>>> print(open('start08.txt').read())   # compact mmCIF, C-alpha atoms and all ligand atoms
# COMPACT_ATOMS: atom_id res chain seq x y z
CA MET A 30 80.87 89.13 86.13
CA LEU A 31 83.36 89.61 88.96
CA THR A 32 84.60 92.86 87.37
CA GLN A 33 81.01 94.07 87.12
CA THR A 34 80.38 93.37 90.84
CA ILE A 35 83.59 95.14 91.87
CA ASN A 36 82.64 98.09 89.68
CA GLU A 37 79.14 98.29 91.20
CA GLU A 38 80.56 98.13 94.72
CA LYS A 39 82.89 100.99 93.89
CA LEU A 40 80.02 103.05 92.45
CA LEU A 41 77.85 102.34 95.51
CA ALA A 42 80.68 103.36 97.85
CA GLU A 43 81.15 106.63 95.91
CA PHE A 44 77.39 107.25 95.94
CA GLU A 45 77.16 106.71 99.70
CA ALA A 46 80.25 108.84 100.35
CA LYS A 47 78.58 111.72 98.48
CA ILE A 48 75.41 111.32 100.50
CA ASN A 49 77.35 111.25 103.76
CA ALA A 50 79.18 114.43 102.70
CA GLU A 51 75.81 116.14 102.00
CA ILE A 52 76.57 116.42 98.28
CA LYS A 53 73.33 116.23 96.30
CA ILE A 54 72.77 113.37 93.86
CA GLU A 55 71.96 114.79 90.42
CA PRO A 56 70.00 113.17 87.54
CA LYS A 57 73.04 112.08 85.52
CA ASP A 58 74.92 110.67 88.52
CA TRP A 59 75.06 106.93 89.06
CA MET A 60 72.52 105.79 91.65
CA PRO A 61 71.38 102.36 92.89
CA ASP A 62 68.16 101.05 91.31
CA GLU A 63 66.46 100.98 94.71
CA TYR A 64 67.23 104.67 95.27
CA ARG A 65 65.80 105.58 91.86
CA LYS A 66 62.68 103.44 92.42
CA HIS A 67 62.04 104.92 95.87
CA LEU A 68 62.26 108.45 94.48
CA ILE A 69 60.07 107.69 91.46
CA ARG A 70 57.40 106.32 93.82
CA GLN A 71 57.61 109.03 96.49
CA MET A 72 58.01 112.04 94.19
CA SER A 73 55.22 111.01 91.82
CA GLN A 74 52.93 110.30 94.79
CA HIS A 75 53.83 113.69 96.17
CA ALA A 76 52.99 115.33 92.79
CA HIS A 77 49.67 113.45 92.58
CA SER A 78 48.83 114.61 96.13
CA GLU A 79 49.33 118.23 95.16
CA VAL A 80 47.06 117.91 92.14
CA ILE A 81 44.34 115.73 93.69
CA GLY A 82 44.51 118.02 96.74
CA MET A 83 43.09 120.82 94.56
CA GLN A 84 39.71 119.07 94.45
CA PRO A 85 38.44 119.34 98.04
CA GLU A 86 39.32 123.05 98.10
CA GLY A 87 38.12 123.72 94.54
CA ASN A 88 34.71 122.65 95.78
CA TRP A 89 34.50 125.93 97.74
CA ILE A 90 35.68 128.53 95.20
CA THR A 91 32.13 129.47 94.19
CA ARG A 92 30.96 129.53 97.82
CA ALA A 93 33.79 131.50 99.48
CA PRO A 94 32.13 134.04 101.80
CA SER A 95 33.81 137.20 100.42
CA LEU A 96 35.72 138.44 97.40
CA ARG A 97 38.88 138.56 99.51
CA SER A 98 38.53 134.93 100.63
CA LYS A 99 37.70 133.83 97.07
CA LYS A 100 40.86 135.50 95.69
CA ILE A 101 43.03 133.94 98.40
CA LEU A 102 41.53 130.50 97.85
CA LEU A 103 41.96 130.72 94.07
CA ALA A 104 45.60 131.75 94.46
CA LYS A 105 46.25 128.95 96.92
CA ILE A 106 44.73 126.28 94.69
CA GLN A 107 46.74 127.56 91.74
CA ASP A 108 49.86 127.26 93.88
CA GLU A 109 49.03 123.60 94.56
CA GLY A 110 48.74 122.95 90.81
CA GLY A 111 52.14 124.63 90.38
CA HIS A 112 53.64 122.40 93.09
CA GLY A 113 52.39 119.38 91.18
CA LEU A 114 54.11 120.68 88.05
CA TYR A 115 57.49 121.28 89.76
CA LEU A 116 57.29 117.81 91.26
CA TYR A 117 56.33 116.03 88.03
CA SER A 118 59.22 117.81 86.29
CA ALA A 119 61.63 116.87 89.08
CA ALA A 120 60.40 113.25 88.99
CA GLU A 121 60.80 113.11 85.18
CA THR A 122 64.56 113.61 85.66
CA LEU A 123 64.55 110.00 86.93
CA GLY A 124 63.64 108.73 83.46
CA VAL A 125 59.86 108.29 83.67
CA SER A 126 57.47 110.43 81.62
CA ARG A 127 54.62 112.46 83.06
CA ASP A 128 52.16 110.47 80.93
CA GLN A 129 53.38 107.33 82.61
CA PHE A 130 52.93 108.84 86.10
CA ILE A 131 49.36 109.84 85.27
CA GLN A 132 48.61 106.43 83.81
CA TRP A 133 49.83 104.75 87.04
CA LEU A 134 47.57 107.08 89.02
CA HIS A 135 44.54 106.22 86.86
CA GLU A 136 45.29 102.50 87.06
CA GLY A 137 45.47 102.69 90.86
CA LYS A 138 49.18 101.74 90.82
CA ALA A 139 50.29 105.08 92.30
CA LYS A 140 48.99 106.55 95.52
CA TYR A 141 48.29 110.10 96.68
CA SER A 142 47.92 111.36 100.24
CA SER A 143 45.10 109.70 102.18
CA VAL A 144 43.94 113.07 103.53
CA PHE A 145 42.43 114.16 100.21
CA ASN A 146 39.83 111.40 100.34
CA TYR A 147 37.73 113.25 102.91
CA PRO A 148 34.93 115.68 101.97
CA THR A 149 34.87 119.45 102.60
CA LEU A 150 31.46 120.04 104.17
CA ASN A 151 31.59 123.67 105.29
CA TRP A 152 33.70 126.82 104.96
CA ALA A 153 35.64 126.02 108.15
CA ASP A 154 36.95 122.91 106.37
CA ILE A 155 38.87 125.24 104.06
CA GLY A 156 40.45 126.81 107.14
CA ALA A 157 41.21 123.37 108.58
CA ILE A 158 42.84 122.20 105.34
CA GLY A 159 45.12 125.25 105.16
CA TRP A 160 46.01 125.17 108.83
CA LEU A 161 46.22 121.41 109.48
CA VAL A 162 46.79 119.75 106.10
CA ASP A 163 49.22 122.35 104.75
CA GLY A 164 50.65 122.59 108.26
CA ALA A 165 51.36 118.84 108.29
CA ALA A 166 52.64 118.96 104.71
CA ILE A 167 55.06 121.80 105.45
CA THR A 168 56.44 120.02 108.51
CA ASN A 169 57.37 117.14 106.22
CA GLN A 170 58.49 119.38 103.36
CA VAL A 171 60.83 121.54 105.45
CA SER A 172 62.62 118.32 106.29
CA LEU A 173 62.55 117.20 102.63
CA GLN A 174 64.38 120.40 101.59
CA ARG A 175 67.46 118.52 102.82
CA THR A 176 66.67 115.35 100.87
CA SER A 177 69.66 113.88 99.04
CA TYR A 178 68.22 114.11 95.49
CA GLY A 179 69.00 117.56 94.06
CA PRO A 180 65.87 118.20 91.91
CA TYR A 181 63.53 117.09 94.73
CA SER A 182 65.35 119.19 97.29
CA ARG A 183 65.24 122.31 95.10
CA ALA A 184 61.53 121.85 94.33
CA MET A 185 60.89 121.65 98.08
CA VAL A 186 62.63 124.98 98.78
CA ARG A 187 60.22 126.80 96.51
CA ILE A 188 57.17 124.83 97.63
CA CYS A 189 57.86 125.54 101.32
CA LYS A 190 57.82 129.29 100.73
CA GLU A 191 54.31 129.07 99.30
CA GLU A 192 53.13 126.45 101.77
CA SER A 193 53.84 128.68 104.76
CA PHE A 194 51.45 131.27 103.28
CA HIS A 195 48.85 128.51 102.87
CA GLN A 196 49.18 127.46 106.48
CA ARG A 197 48.71 131.02 107.68
CA GLN A 198 45.67 131.74 105.51
CA GLY A 199 44.03 128.57 106.89
CA TYR A 200 44.78 129.59 110.46
CA GLU A 201 43.39 133.04 109.76
CA ILE A 202 40.07 131.54 108.60
CA MET A 203 39.83 129.50 111.81
CA TRP A 204 40.80 132.44 114.00
CA ARG A 205 38.20 134.69 112.32
CA MET A 206 35.52 132.05 112.81
CA MET A 207 36.43 131.68 116.48
CA GLU A 208 35.90 135.45 116.86
CA GLY A 209 32.48 135.12 115.22
CA THR A 210 29.06 133.83 116.27
CA VAL A 211 28.46 130.70 118.32
CA ASP A 212 27.42 128.88 115.13
CA GLN A 213 30.69 129.87 113.44
CA GLN A 214 32.66 128.66 116.46
CA LYS A 215 30.81 125.34 116.30
CA MET A 216 31.63 125.01 112.60
CA ALA A 217 35.32 125.61 113.34
CA GLN A 218 35.35 123.00 116.12
CA ASP A 219 33.47 120.53 113.89
CA ALA A 220 36.12 121.03 111.19
CA ILE A 221 39.05 120.35 113.54
CA ASP A 222 37.17 117.32 114.93
CA ARG A 223 36.97 115.83 111.45
CA TRP A 224 40.42 116.88 110.08
CA TRP A 225 42.70 116.33 113.09
CA TRP A 226 43.13 112.57 112.76
CA PRO A 227 43.40 112.50 108.94
CA ALA A 228 46.11 115.21 109.26
CA LEU A 229 48.08 113.03 111.72
CA MET A 230 47.70 110.07 109.33
CA MET A 231 49.37 112.07 106.54
CA PHE A 232 52.75 111.29 108.12
CA GLY A 233 52.26 107.59 107.39
CA PRO A 234 52.36 104.52 109.66
CA HIS A 235 54.36 104.40 112.89
CA ASP A 236 58.09 103.92 112.29
CA THR A 237 57.89 100.31 113.43
CA ASP A 238 55.29 99.61 110.69
CA SER A 239 56.88 101.70 107.94
CA PRO A 240 58.71 99.35 105.53
CA ARG A 241 60.19 102.19 103.46
CA THR A 242 61.73 104.29 106.23
CA SER A 243 64.95 102.44 106.98
CA LEU A 244 66.50 102.60 103.47
CA ALA A 245 65.08 106.08 102.89
CA MET A 246 66.81 107.33 106.05
CA LYS A 247 70.07 105.56 105.20
CA TRP A 248 70.20 107.27 101.80
CA ARG A 249 68.85 110.52 103.26
CA ILE A 250 65.79 110.65 101.03
CA LYS A 251 63.81 111.07 104.25
CA ARG A 252 65.64 113.11 106.88
CA GLU A 253 63.22 112.50 109.73
CA SER A 254 60.96 109.54 110.39
CA ASN A 255 57.16 109.50 110.18
CA ASP A 256 56.79 109.60 113.99
CA GLN A 257 59.39 112.33 114.50
CA LEU A 258 57.58 114.57 112.02
CA ARG A 259 54.15 113.78 113.44
CA GLU A 260 55.40 114.78 116.93
CA LYS A 261 56.85 118.04 115.60
CA PHE A 262 53.49 118.81 114.01
CA ILE A 263 51.37 118.16 117.10
CA ASN A 264 53.75 120.08 119.35
CA LYS A 265 53.42 123.26 117.32
CA THR A 266 49.75 122.88 116.35
CA ILE A 267 48.14 122.20 119.72
CA SER A 268 49.22 125.54 121.16
CA GLN A 269 47.92 127.28 118.00
CA ALA A 270 44.54 125.60 118.61
CA GLU A 271 44.52 126.67 122.25
CA ILE A 272 45.28 130.31 121.42
CA ILE A 273 42.08 130.62 119.40
CA GLY A 274 39.96 128.46 121.72
CA LEU A 275 39.82 125.21 119.71
CA LYS A 276 40.30 121.74 121.20
CA VAL A 277 41.94 118.81 119.46
CA PRO A 278 39.61 115.79 119.51
CA ASP A 279 41.95 113.48 121.43
CA PRO A 280 40.68 112.41 124.88
CA ASN A 281 43.95 110.53 125.51
CA LEU A 282 46.31 113.39 124.69
CA ILE A 283 49.10 113.64 127.26
CA ARG A 284 50.88 116.92 128.03
CA ASN A 285 54.47 116.06 129.01
CA GLU A 286 56.33 118.05 131.65
CA ASP A 287 58.54 119.69 129.02
CA GLY A 288 55.46 121.08 127.24
CA THR A 289 55.47 118.51 124.43
CA PHE A 290 52.51 116.21 123.72
CA LYS A 291 51.85 112.53 123.21
CA HIS A 292 48.82 111.77 121.08
CA GLY A 293 46.33 108.95 121.69
CA ASP A 294 45.92 105.94 119.40
CA ILE A 295 45.48 106.58 115.70
CA ASN A 296 42.81 104.52 113.94
CA TRP A 297 45.11 102.61 111.58
CA ASP A 298 42.24 100.48 110.25
CA GLU A 299 40.67 103.65 108.89
CA PHE A 300 44.04 104.76 107.47
CA TRP A 301 44.63 101.50 105.57
CA GLN A 302 41.04 101.46 104.34
CA VAL A 303 41.50 104.96 102.88
CA VAL A 304 44.95 104.12 101.45
CA GLY A 305 43.45 100.99 99.94
CA GLY A 306 40.85 102.99 97.99
CA ASN A 307 37.89 102.73 100.37
CA GLY A 308 37.79 106.22 101.87
CA PRO A 309 34.72 108.46 101.60
CA CYS A 310 35.85 110.20 98.38
CA ASN A 311 38.50 107.96 96.74
CA GLN A 312 36.34 107.01 93.81
CA GLN A 313 35.07 110.56 93.25
CA ARG A 314 38.61 112.03 93.32
CA LEU A 315 40.01 109.56 90.79
CA GLU A 316 37.01 109.74 88.47
CA HIS A 317 37.18 113.52 88.46
CA HIS A 318 40.89 113.48 87.65
CA PHE A 319 40.38 110.88 84.91
CA ASN A 320 37.54 112.83 83.26
CA VAL A 321 39.25 116.22 83.44
CA HIS A 322 42.45 114.71 82.05
CA LYS A 323 40.50 113.21 79.14
CA GLU A 324 38.56 116.43 78.47
CA GLY A 325 41.81 118.43 78.58
CA ALA A 326 43.54 116.31 75.91
CA TRP A 327 42.91 119.00 73.26
CA VAL A 328 44.82 121.57 75.36
CA ARG A 329 47.89 119.35 75.52
CA GLU A 330 47.63 118.53 71.80
CA SER A 331 47.32 122.23 70.89
CA ALA A 332 50.29 123.14 73.08
CA ILE A 333 52.43 120.46 71.39
CA ALA A 334 51.25 121.56 67.91
CA TYR A 335 52.04 125.20 68.73
CA ASN A 336 55.43 124.21 70.08
CA ILE A 337 56.30 122.19 66.93
CA LYS A 338 55.18 125.04 64.63
CA HIS A 339 57.05 127.60 66.70
CA THR A 340 60.25 125.50 66.74
CA ASN A 341 60.05 124.87 62.94
CA ASN A 342 59.71 128.59 62.26
CA GLN A 343 62.83 129.49 64.21
N1 LIG A 401 48.61 108.46 102.22
O1 LIG A 401 56.82 102.93 104.59
P1 LIG A 401 55.97 104.17 104.52
C1 LIG A 401 49.77 119.22 100.04
C2 LIG A 401 51.88 104.52 102.06
S1 LIG A 401 50.15 117.73 99.25
C3 LIG A 401 48.71 107.48 101.30
O2 LIG A 401 56.00 105.06 105.69
P2 LIG A 401 57.26 106.23 102.91
C4 LIG A 401 48.50 119.89 99.72
C5 LIG A 401 53.26 104.62 101.44
O3 LIG A 401 53.22 105.23 100.16
C6 LIG A 401 51.64 117.17 100.02
N2 LIG A 401 49.65 106.49 101.37
O4 LIG A 401 56.30 104.95 103.17
C7 LIG A 401 47.99 119.86 98.44
C8 LIG A 401 53.65 103.14 101.39
O5 LIG A 401 52.97 102.49 100.32
P3 LIG A 401 53.74 102.06 98.95
C9 LIG A 401 51.55 115.75 100.45
C10 LIG A 401 50.51 106.54 102.41
O6 LIG A 401 57.19 106.57 101.49
C11 LIG A 401 46.76 120.43 98.16
C12 LIG A 401 53.02 102.58 102.66
O7 LIG A 401 51.98 103.47 103.00
N3 LIG A 401 52.84 115.33 100.97
O8 LIG A 401 50.52 119.67 100.81
O9 LIG A 401 58.60 106.00 103.53
C13 LIG A 401 46.05 121.10 99.17
C14 LIG A 401 54.01 102.46 103.81
O10 LIG A 401 54.44 103.78 104.25
C15 LIG A 401 50.48 107.56 103.37
C16 LIG A 401 53.53 114.28 100.48
O11 LIG A 401 53.10 113.63 99.54
C17 LIG A 401 49.48 108.54 103.26
N4 LIG A 401 49.33 109.51 104.16
O12 LIG A 401 56.59 107.41 103.79
C18 LIG A 401 46.59 121.17 100.44
C19 LIG A 401 54.85 113.97 101.13
N5 LIG A 401 51.47 107.33 104.27
O13 LIG A 401 54.05 103.35 98.21
C20 LIG A 401 47.82 120.60 100.73
C21 LIG A 401 55.79 113.06 100.34
C22 LIG A 401 52.09 106.22 103.88
O14 LIG A 401 54.94 101.34 99.37
N6 LIG A 401 55.78 111.71 100.80
N7 LIG A 401 51.53 105.74 102.76
O15 LIG A 401 52.72 101.22 98.21
C23 LIG A 401 56.41 111.27 101.93
O16 LIG A 401 57.02 112.04 102.63
C24 LIG A 401 56.37 109.80 102.25
O17 LIG A 401 56.12 109.06 101.07
C25 LIG A 401 55.31 109.43 103.35
C26 LIG A 401 55.31 107.89 103.52
C27 LIG A 401 55.67 110.09 104.65
C28 LIG A 401 53.89 109.83 102.92
>>> encode(input="start08.txt", output="structure tokens")
Amino acid sequence: MLTQTINEEKLLAEFEAKINAEIKIEPKDWMPDEYRKHLIRQMSQHAHSEVIGMQPEGNWITRAPSLRSKKILLAKIQDEGGHGLYLYSAAETLGVSRDQFIQWLHEGKAKYSSVFNYPTLNWADIGAIGWLVDGAAITNQVSLQRTSYGPYSRAMVRICKEESFHQRQGYEIMWRMMEGTVDQQKMAQDAIDRWWWPALMMFGPHDTDSPRTSLAMKWRIKRESNDQLREKFINKTISQAEIIGLKVPDPNLIRNEDGTFKHGDINWDEFWQVVGGNGPCNQQRLEHHFNVHKEGAWVRESAIAYNIKHTNNQ
């Protein structure tokens, strides 16, 4: 027993020394159970967010206002599906199967980002998602490129490249609408009014109310805290809004002397309601995923059958 404890202490010290030296932890390396569990939870939730996040945008593929905008939207949504796949694969290196991740999602045991439980009511919402939701996501993901777990970090490098295109295409939609008719300008303002606060909530609770942050920062899973990232996001986004004539819906926003901003109070009751399954679209999103997953079973079975046949013939 004593030998086992000494051995574990030695392994933990080696693990932490690697992290402090910025050496990535790889799947076959020893890691504390808590580190593995945190990653399984965060990475699978991240993967689910990418895949569930396809739904609010998918709603507008048939109604995109031009062939160009339809092609861009289709490509973007496909990218999100791809991000989900990289992330599920990276999370599987921690010893949990993709089937298990999906089952946890369907049973309500795994979360996905709160922001995808809001509806997309008009075309400007597609602009707002790209600009604000992808903009918030990329702020977090740039930081996660330096996460201590190798497969997660490498998935983030690739995802960030695509995400920056997503952010720009969303901003372009908003900018075009602000150059358009008064009705189009109103639609754009209405979209930012509805998406601003959910985008700020994506970063999670304030640091003082975030139970997971302290260990995640110690082991460099998270490199910046929820509040630090949220501040980065508002500081870059508010000037982008001003350039095209949009206003963020925050009457208590403070402009600091150094040009940075302090946002007003976030409605945390709304956040926890949405996280707890009671947002406007939670039920719809999960039901849709469940049904499509069930209907798509034959595709997975055929792929496995093809793979077995192909391998046997080699
Ligand atoms: N929504 O202690 P905390 C995309 C939960 S998709 C729901 O701060 P942590 C895109 C949290 O899980 C990219 N739940 O936790 C796709 C925890 O509950 P559990 C989305 C949230 O993990 C398609 C509890 O609250 N990005 O770009 O240290 C179209 C306490 O929180 C949320 C990611 O998924 C939330 N917003 O920090 C367009 C990023 N916030 O699990 C775009 C990856 C908190 O203990 N994830 N909770 O029951 C992360 O970076 C971190 O997990 C978080 C939370 C910052 C979200």
>>> closest_atom_pairs(input="start08.txt", of="range 235-318 of chain A", to="range 179-199 of chain A", cutoff="12 Å", atoms="all atoms listed in the file", output="CSV")
residue,atom,partner,partner_atom,distance
A:Arg249,CA,A:Ser182,CA,11.1
A:Ile250,CA,A:Tyr181,CA,9.3
A:Lys251,CA,A:Ser182,CA,10.8
A:Arg252,CA,A:Ser182,CA,11.4
A:Thr266,CA,A:Gln196,CA,10.9
A:Gln269,CA,A:Arg197,CA,11.0
>>> atom_distance(input="start08.txt", atom1="CA of Met83 in chain A", atom2="CA of Ser143 in chain A")
13.6 Å
>>> residues_near_ligand(input="start08.txt", ligand="ligand LIG 401 (chain A)", cutoff="6 Å", atoms="all atoms listed in the file", output="PyMOL selection string")
chain A and resi 71+74-75+78-79+82-83+109+140-143+162-163+166+230-234+239-242+255+304
>>> closest_residue(input="start08.txt", among="A:Val303, A:Met203, A:Ile101, A:Ile263", to="Asp154 in chain A", atoms="all atoms listed in the file")
A:Met203
>>> closest_residue(input="start08.txt", among="A:Leu40, A:Val171, A:Leu150, A:Leu123", to="Glu86 in chain A", atoms="only C-alpha atoms")
A:Leu150
>>> residues_near_point(input="start08.txt", point="(37.5, 129.2, 110.6)", cutoff="8 Å", atoms="all atoms listed in the file", output="list in words")
Trp152, Ala153, Asp154, Ile155, Gly156, Ala157, Gly199, Tyr200, Glu201, Ile202, Met203, Trp204, Arg205, Met206, Met207, Gln213, Gln214, Met216 and Ala217 of chain A
>>> atom_distance(input="start08.txt", atom1="CA of Asp58 in chain A", atom2="CA of Phe44 in chain A")
8.5 Å
>>> atom_distance(input="start08.txt", atom1="CA of Thr168 in chain A", atom2="CA of Arg127 in chain A")
26.6 Å
>>> closest_residue(input="start08.txt", among="A:Gln107, A:Asn36, A:Thr237, A:Ser118", to="Gln84 in chain A", atoms="all atoms listed in the file")
A:Gln107
>>> residues_around(input="start08.txt", residues="His317 in chain A", least_positions_apart="6", cutoff="12 Å", atoms="all atoms listed in the file", output="PDB file with C-alpha atoms, in the coordinates of the input")
ATOM      1  CA  VAL A  80      47.060 117.910  92.140  1.00  0.00           C
ATOM      2  CA  ILE A  81      44.340 115.730  93.690  1.00  0.00           C
ATOM      3  CA  GLY A  82      44.510 118.020  96.740  1.00  0.00           C
ATOM      4  CA  MET A  83      43.090 120.820  94.560  1.00  0.00           C
ATOM      5  CA  GLN A  84      39.710 119.070  94.450  1.00  0.00           C
ATOM      6  CA  PRO A  85      38.440 119.340  98.040  1.00  0.00           C
ATOM      7  CA  GLY A  87      38.120 123.720  94.540  1.00  0.00           C
ATOM      8  CA  ASN A  88      34.710 122.650  95.780  1.00  0.00           C
ATOM      9  CA  HIS A 135      44.540 106.220  86.860  1.00  0.00           C
ATOM     10  CA  CYS A 310      35.850 110.200  98.380  1.00  0.00           C
ATOM     11  CA  ASN A 311      38.500 107.960  96.740  1.00  0.00           C
ATOM     12  CA  LYS A 323      40.500 113.210  79.140  1.00  0.00           C
ATOM     13  CA  GLU A 324      38.560 116.430  78.470  1.00  0.00           C
ATOM     14  CA  GLY A 325      41.810 118.430  78.580  1.00  0.00           C
TER      15      GLY A 325
END
>>> closest_residue(input="start08.txt", among="A:Lys276, A:Arg329, A:Lys338, A:His77", to="Trp225 in chain A", atoms="only C-alpha atoms")
A:Lys276
>>> residues_around(input="start08.txt", residues="Met60 in chain A", least_positions_apart="6", cutoff="12 Å", atoms="only C-alpha atoms", output="list in words")
Glu37, Glu38, Lys39, Leu40, Leu41, Ala42, Glu43, Phe44, Glu45, Lys47, Ile48, Lys53, Ile54, Lys66, His67, Leu68, Leu123, Ser177, Tyr178 and Trp248 of chain A
>>> closest_residue(input="start08.txt", among="A:Ala165, A:Trp160, A:Arg70, A:Thr210", to="Phe130 in chain A", atoms="all atoms listed in the file")
A:Arg70
>>> residues_near_point(input="start08.txt", point="(71.3, 113.1, 84.5)", cutoff="9 Å", atoms="all atoms listed in the file", output="PDB file with C-alpha atoms, in the frame of the given file")
ATOM      1  CA  GLU A  55      71.960 114.790  90.420  1.00  0.00           C
ATOM      2  CA  PRO A  56      70.000 113.170  87.540  1.00  0.00           C
ATOM      3  CA  LYS A  57      73.040 112.080  85.520  1.00  0.00           C
ATOM      4  CA  ASP A  58      74.920 110.670  88.520  1.00  0.00           C
ATOM      5  CA  TRP A  59      75.060 106.930  89.060  1.00  0.00           C
ATOM      6  CA  THR A 122      64.560 113.610  85.660  1.00  0.00           C
ATOM      7  CA  LEU A 123      64.550 110.000  86.930  1.00  0.00           C
ATOM      8  CA  GLY A 124      63.640 108.730  83.460  1.00  0.00           C
TER       9      GLY A 124
END
>>> closest_residue(input="start08.txt", among="A:Lys215, A:Asn49, A:Arg175, A:Ala245", to="Glu63 in chain A", atoms="only C-alpha atoms")
A:Ala245
>>> decode(input="start08.txt", residues="range 155-168 of chain A", atoms="N, CA, C and O atoms", output="mmCIF file, in the first residue's frame")
data_model
loop_
_atom_site.group_PDB
_atom_site.id
_atom_site.type_symbol
_atom_site.label_atom_id
_atom_site.label_comp_id
_atom_site.auth_asym_id
_atom_site.auth_seq_id
_atom_site.Cartn_x
_atom_site.Cartn_y
_atom_site.Cartn_z
ATOM 1 N N ILE A 155 -28.176 34.218 -38.705
ATOM 2 C CA ILE A 155 -27.064 33.418 -39.241
ATOM 3 C C ILE A 155 -25.780 34.264 -39.210
ATOM 4 O O ILE A 155 -24.700 33.768 -38.878
ATOM 5 N N GLY A 156 -25.939 35.566 -39.498
ATOM 6 C CA GLY A 156 -24.798 36.468 -39.368
ATOM 7 C C GLY A 156 -24.352 36.560 -37.917
ATOM 8 O O GLY A 156 -23.155 36.495 -37.597
ATOM 9 N N ALA A 157 -25.328 36.687 -37.013
ATOM 10 C CA ALA A 157 -24.994 36.846 -35.588
ATOM 11 C C ALA A 157 -24.316 35.591 -35.045
ATOM 12 O O ALA A 157 -23.382 35.672 -34.246
ATOM 13 N N ILE A 158 -24.753 34.426 -35.507
ATOM 14 C CA ILE A 158 -24.107 33.189 -35.018
ATOM 15 C C ILE A 158 -22.648 33.162 -35.468
ATOM 16 O O ILE A 158 -21.737 32.942 -34.674
ATOM 17 N N GLY A 159 -22.419 33.405 -36.765
ATOM 18 C CA GLY A 159 -21.036 33.373 -37.259
ATOM 19 C C GLY A 159 -20.174 34.397 -36.531
ATOM 20 O O GLY A 159 -19.092 34.088 -36.034
ATOM 21 N N TRP A 160 -20.674 35.616 -36.466
ATOM 22 C CA TRP A 160 -19.869 36.701 -35.883
ATOM 23 C C TRP A 160 -19.712 36.544 -34.364
ATOM 24 O O TRP A 160 -18.578 36.567 -33.846
ATOM 25 N N LEU A 161 -20.841 36.352 -33.658
ATOM 26 C CA LEU A 161 -20.764 36.344 -32.191
ATOM 27 C C LEU A 161 -20.474 34.956 -31.611
ATOM 28 O O LEU A 161 -19.611 34.815 -30.742
ATOM 29 N N VAL A 162 -21.200 33.934 -32.092
ATOM 30 C CA VAL A 162 -21.049 32.607 -31.485
ATOM 31 C C VAL A 162 -19.707 31.992 -31.896
ATOM 32 O O VAL A 162 -18.936 31.530 -31.051
ATOM 33 N N ASP A 163 -19.397 32.043 -33.207
ATOM 34 C CA ASP A 163 -18.075 31.544 -33.617
ATOM 35 C C ASP A 163 -16.979 32.459 -33.073
ATOM 36 O O ASP A 163 -15.892 32.006 -32.754
ATOM 37 N N GLY A 164 -17.298 33.760 -32.982
ATOM 38 C CA GLY A 164 -16.314 34.706 -32.439
ATOM 39 C C GLY A 164 -15.990 34.384 -30.982
ATOM 40 O O GLY A 164 -14.829 34.420 -30.567
ATOM 41 N N ALA A 165 -17.018 34.046 -30.204
ATOM 42 C CA ALA A 165 -16.789 33.670 -28.799
ATOM 43 C C ALA A 165 -16.053 32.335 -28.747
ATOM 44 O O ALA A 165 -15.083 32.160 -27.995
ATOM 45 N N ALA A 166 -16.500 31.396 -29.595
ATOM 46 C CA ALA A 166 -15.873 30.069 -29.591
ATOM 47 C C ALA A 166 -14.389 30.174 -29.936
ATOM 48 O O ALA A 166 -13.544 29.554 -29.294
ATOM 49 N N ILE A 167 -14.058 31.001 -30.919
ATOM 50 C CA ILE A 167 -12.650 31.057 -31.343
ATOM 51 C C ILE A 167 -11.780 31.723 -30.265
ATOM 52 O O ILE A 167 -10.629 31.332 -30.067
ATOM 53 N N THR A 168 -12.360 32.662 -29.540
ATOM 54 C CA THR A 168 -11.592 33.288 -28.456
ATOM 55 C C THR A 168 -11.169 32.207 -27.458
ATOM 56 O O THR A 168 -10.017 32.154 -27.014
#
